[in-house]
>>> print(open('final07.pdb').read())   # PDB, C-alpha atoms
ATOM      1  CA  MET A   1       4.147 -32.503   5.231  1.00  0.00           C
ATOM      2  CA  ALA A   2       5.773 -29.064   5.110  1.00  0.00           C
ATOM      3  CA  ASP A   3       5.537 -26.715   8.047  1.00  0.00           C
ATOM      4  CA  LEU A   4       3.929 -23.349   7.449  1.00  0.00           C
ATOM      5  CA  GLN A   5       6.115 -20.545   8.686  1.00  0.00           C
ATOM      6  CA  VAL A   6       4.777 -17.015   8.644  1.00  0.00           C
ATOM      7  CA  ASN A   7       6.393 -13.933  10.063  1.00  0.00           C
ATOM      8  CA  SER A   8       3.255 -12.066  11.065  1.00  0.00           C
ATOM      9  CA  ASP A   9       5.229  -8.987  12.106  1.00  0.00           C
ATOM     10  CA  ASP A  10       6.600  -8.719   8.569  1.00  0.00           C
ATOM     11  CA  LEU A  11       3.090  -8.969   7.139  1.00  0.00           C
ATOM     12  CA  VAL A  12       1.843  -6.182   9.402  1.00  0.00           C
ATOM     13  CA  LYS A  13       4.894  -4.010   8.636  1.00  0.00           C
ATOM     14  CA  THR A  14       4.439  -4.636   4.904  1.00  0.00           C
ATOM     15  CA  GLY A  15       0.824  -3.529   5.158  1.00  0.00           C
ATOM     16  CA  GLU A  16       1.857  -0.367   6.984  1.00  0.00           C
ATOM     17  CA  ALA A  17       4.625   0.352   4.462  1.00  0.00           C
ATOM     18  CA  LEU A  18       2.230  -0.139   1.552  1.00  0.00           C
ATOM     19  CA  ARG A  19      -0.280   2.223   3.132  1.00  0.00           C
ATOM     20  CA  TYR A  20       2.515   4.809   3.488  1.00  0.00           C
ATOM     21  CA  LEU A  21       3.495   4.259  -0.160  1.00  0.00           C
ATOM     22  CA  ALA A  22      -0.109   4.799  -1.249  1.00  0.00           C
ATOM     23  CA  GLY A  23      -0.202   8.048   0.707  1.00  0.00           C
ATOM     24  CA  GLU A  24       3.023   9.296  -0.862  1.00  0.00           C
ATOM     25  CA  LEU A  25       1.806   8.367  -4.325  1.00  0.00           C
ATOM     26  CA  LYS A  26      -1.423  10.283  -3.677  1.00  0.00           C
ATOM     27  CA  ASN A  27       0.579  13.280  -2.372  1.00  0.00           C
ATOM     28  CA  ALA A  28       2.534  13.361  -5.644  1.00  0.00           C
ATOM     29  CA  GLU A  29      -0.674  14.314  -7.417  1.00  0.00           C
ATOM     30  CA  ASN A  30       0.237  17.888  -8.332  1.00  0.00           C
ATOM     31  CA  ILE A  31       4.009  17.715  -8.774  1.00  0.00           C
ATOM     32  CA  ALA A  32       3.930  18.124 -12.549  1.00  0.00           C
ATOM     33  CA  GLN A  33       1.166  20.736 -12.388  1.00  0.00           C
ATOM     34  CA  ASP A  34       3.175  22.777  -9.902  1.00  0.00           C
ATOM     35  CA  HIS A  35       6.146  22.927 -12.283  1.00  0.00           C
ATOM     36  CA  LEU A  36       4.535  23.518 -15.669  1.00  0.00           C
ATOM     37  CA  GLY A  37       5.735  27.116 -15.701  1.00  0.00           C
ATOM     38  CA  ALA A  38       9.338  25.978 -15.418  1.00  0.00           C
ATOM     39  CA  MET A  39       9.158  23.938 -18.634  1.00  0.00           C
ATOM     40  CA  GLY A  40      10.255  26.902 -20.728  1.00  0.00           C
ATOM     41  CA  HIS A  41       8.400  25.617 -23.762  1.00  0.00           C
ATOM     42  CA  ALA A  42       4.623  25.973 -24.097  1.00  0.00           C
ATOM     43  CA  GLN A  43       4.145  22.790 -26.162  1.00  0.00           C
ATOM     44  CA  LEU A  44       6.194  20.729 -23.697  1.00  0.00           C
ATOM     45  CA  ALA A  45       4.156  22.120 -20.795  1.00  0.00           C
ATOM     46  CA  LYS A  46       0.936  21.294 -22.672  1.00  0.00           C
ATOM     47  CA  GLN A  47       2.058  17.711 -23.324  1.00  0.00           C
ATOM     48  CA  LEU A  48       3.099  17.280 -19.682  1.00  0.00           C
ATOM     49  CA  ASP A  49      -0.261  18.624 -18.521  1.00  0.00           C
ATOM     50  CA  GLU A  50      -2.122  16.164 -20.791  1.00  0.00           C
ATOM     51  CA  MET A  51       0.036  13.280 -19.600  1.00  0.00           C
ATOM     52  CA  GLN A  52      -0.628  14.237 -15.987  1.00  0.00           C
ATOM     53  CA  GLY A  53      -4.375  14.078 -16.599  1.00  0.00           C
ATOM     54  CA  THR A  54      -4.086  10.527 -17.923  1.00  0.00           C
ATOM     55  CA  TRP A  55      -1.667   9.541 -15.163  1.00  0.00           C
ATOM     56  CA  ASP A  56      -4.028  10.936 -12.484  1.00  0.00           C
ATOM     57  CA  ASP A  57      -6.649   8.312 -13.310  1.00  0.00           C
ATOM     58  CA  ARG A  58      -4.111   5.494 -13.343  1.00  0.00           C
ATOM     59  CA  ARG A  59      -2.396   6.711 -10.194  1.00  0.00           C
ATOM     60  CA  ASN A  60      -5.694   6.924  -8.319  1.00  0.00           C
ATOM     61  CA  ARG A  61      -6.553   3.335  -9.288  1.00  0.00           C
ATOM     62  CA  LEU A  62      -3.064   2.252  -8.266  1.00  0.00           C
ATOM     63  CA  VAL A  63      -3.395   4.025  -4.904  1.00  0.00           C
ATOM     64  CA  GLU A  64      -6.662   2.208  -4.223  1.00  0.00           C
ATOM     65  CA  ASP A  65      -5.168  -1.140  -5.221  1.00  0.00           C
ATOM     66  CA  ILE A  66      -2.135  -0.585  -2.990  1.00  0.00           C
ATOM     67  CA  LYS A  67      -4.424   0.321  -0.086  1.00  0.00           C
ATOM     68  CA  THR A  68      -6.378  -2.897  -0.658  1.00  0.00           C
ATOM     69  CA  VAL A  69      -3.219  -5.029  -0.615  1.00  0.00           C
ATOM     70  CA  ALA A  70      -1.974  -3.115   2.440  1.00  0.00           C
ATOM     71  CA  GLY A  71      -5.163  -3.915   4.327  1.00  0.00           C
ATOM     72  CA  ILE A  72      -4.997  -7.574   3.339  1.00  0.00           C
ATOM     73  CA  ALA A  73      -1.361  -7.916   4.427  1.00  0.00           C
ATOM     74  CA  LYS A  74      -1.975  -6.232   7.767  1.00  0.00           C
ATOM     75  CA  LYS A  75      -5.104  -8.268   8.455  1.00  0.00           C
ATOM     76  CA  ALA A  76      -3.329 -11.500   7.458  1.00  0.00           C
ATOM     77  CA  GLY A  77      -0.514 -10.792   9.915  1.00  0.00           C
ATOM     78  CA  LYS A  78      -2.951 -10.122  12.732  1.00  0.00           C
ATOM     79  CA  THR A  79      -4.990 -13.203  11.814  1.00  0.00           C
ATOM     80  CA  PHE A  80      -1.912 -15.439  11.977  1.00  0.00           C
ATOM     81  CA  ASP A  81      -1.136 -13.958  15.414  1.00  0.00           C
ATOM     82  CA  ASP A  82      -4.680 -14.735  16.562  1.00  0.00           C
ATOM     83  CA  ILE A  83      -4.501 -18.287  15.219  1.00  0.00           C
ATOM     84  CA  GLU A  84      -1.206 -18.880  16.978  1.00  0.00           C
ATOM     85  CA  GLU A  85      -2.580 -17.470  20.221  1.00  0.00           C
ATOM     86  CA  HIS A  86      -5.619 -19.773  20.026  1.00  0.00           C
ATOM     87  CA  LEU A  87      -3.516 -22.835  19.176  1.00  0.00           C
ATOM     88  CA  VAL A  88      -1.114 -22.218  22.064  1.00  0.00           C
ATOM     89  CA  ALA A  89      -4.016 -21.642  24.442  1.00  0.00           C
ATOM     90  CA  ALA A  90      -5.671 -24.863  23.270  1.00  0.00           C
ATOM     91  CA  LEU A  91      -2.461 -26.835  23.757  1.00  0.00           C
ATOM     92  CA  GLU A  92      -2.092 -25.376  27.236  1.00  0.00           C
ATOM     93  CA  GLY A  93      -5.745 -26.070  28.067  1.00  0.00           C
ATOM     94  CA  ARG A  94      -6.722 -22.454  28.654  1.00  0.00           C
ATOM     95  CA  GLU A  95      -8.859 -19.755  27.088  1.00  0.00           C
ATOM     96  CA  PRO A  96      -7.068 -17.445  24.618  1.00  0.00           C
TER      97      PRO A  96
END
>>> encode(input="final07.pdb", output="structure tokens")
Amino acid sequence: MADLQVNSDDLVKTGEALRYLAGELKNAENIAQDHLGAMGHAQLAKQLDEMQGTWDDRRNRLVEDIKTVAGIAKKAGKTFDDIEEHLVAALEGREP
């Protein structure tokens, strides 16, 4: 039987990093919009603006999905810590 080895700290850190990534992705919302005037070509600016509108919907769904995975990773890390604490306490005959 294989031993299960989990680095709970890495799970928690991954969750925190993913939450940060989601925040940065959300903050990038208006980058293209802020620079449309610098395009120098009206048709190019129009196409970029249309693409940004489509990308906004996808990015927002992606941000929510990343936040979900971030929460799961962080909770999993904390759950493994709790399980380990309870197992050690049980082996030592004490309350966790």
>>> closest_residue(input="final07.pdb", among="A:Leu4, A:Met51, A:Ala45, A:Val63", to="A:Leu25", atoms="all atoms listed in the file")
A:Val63
>>> atom_distance(input="final07.pdb", atom1="atom CA of A:Glu50", atom2="atom CA of A:Lys67")
26.2 Å
>>> resolve_selection(input="final07.pdb", expression="the PyMOL selection byres ((chain A and resi 33) around 10)", output="VMD selection string")
chain A and resid 29 to 32 34 to 37 45 48 to 49 52 to 53
>>> residues_around(input="final07.pdb", residues="A:Leu62", least_positions_apart="6", cutoff="12 Å", atoms="only C-alpha atoms", output="ChimeraX atom specification")
/A:18-19,21-26,55-56,68-69
>>> atom_distance(input="final07.pdb", atom1="atom CA of A:Tyr20", atom2="atom CA of A:Glu64")
12.3 Å
>>> closest_residue(input="final07.pdb", among="A:Leu11, A:Ala28, A:Leu87, A:Val6", to="A:Arg59", atoms="all atoms listed in the file")
A:Ala28
>>> atom_distance(input="final07.pdb", atom1="atom CA of A:Gln5", atom2="atom CA of A:Thr79")
13.7 Å
>>> residues_around(input="final07.pdb", residues="A:Ala76", least_positions_apart="6", cutoff="10 Å", atoms="all atoms listed in the file", output="list in words")
Val6, Ser8, Leu11, Val12, Gly15, Ala70 and Asp82 of chain A
>>> axis_aligned_box(input="final07.pdb", around="stretch 56-72 of chain A", padding_each_side="8 Å", output="lines of an AutoDock Vina configuration file")
center_x = -4.3
center_y = 1.7
center_z = -4.5
size_x = 20.7
size_y = 34.5
size_z = 33.7
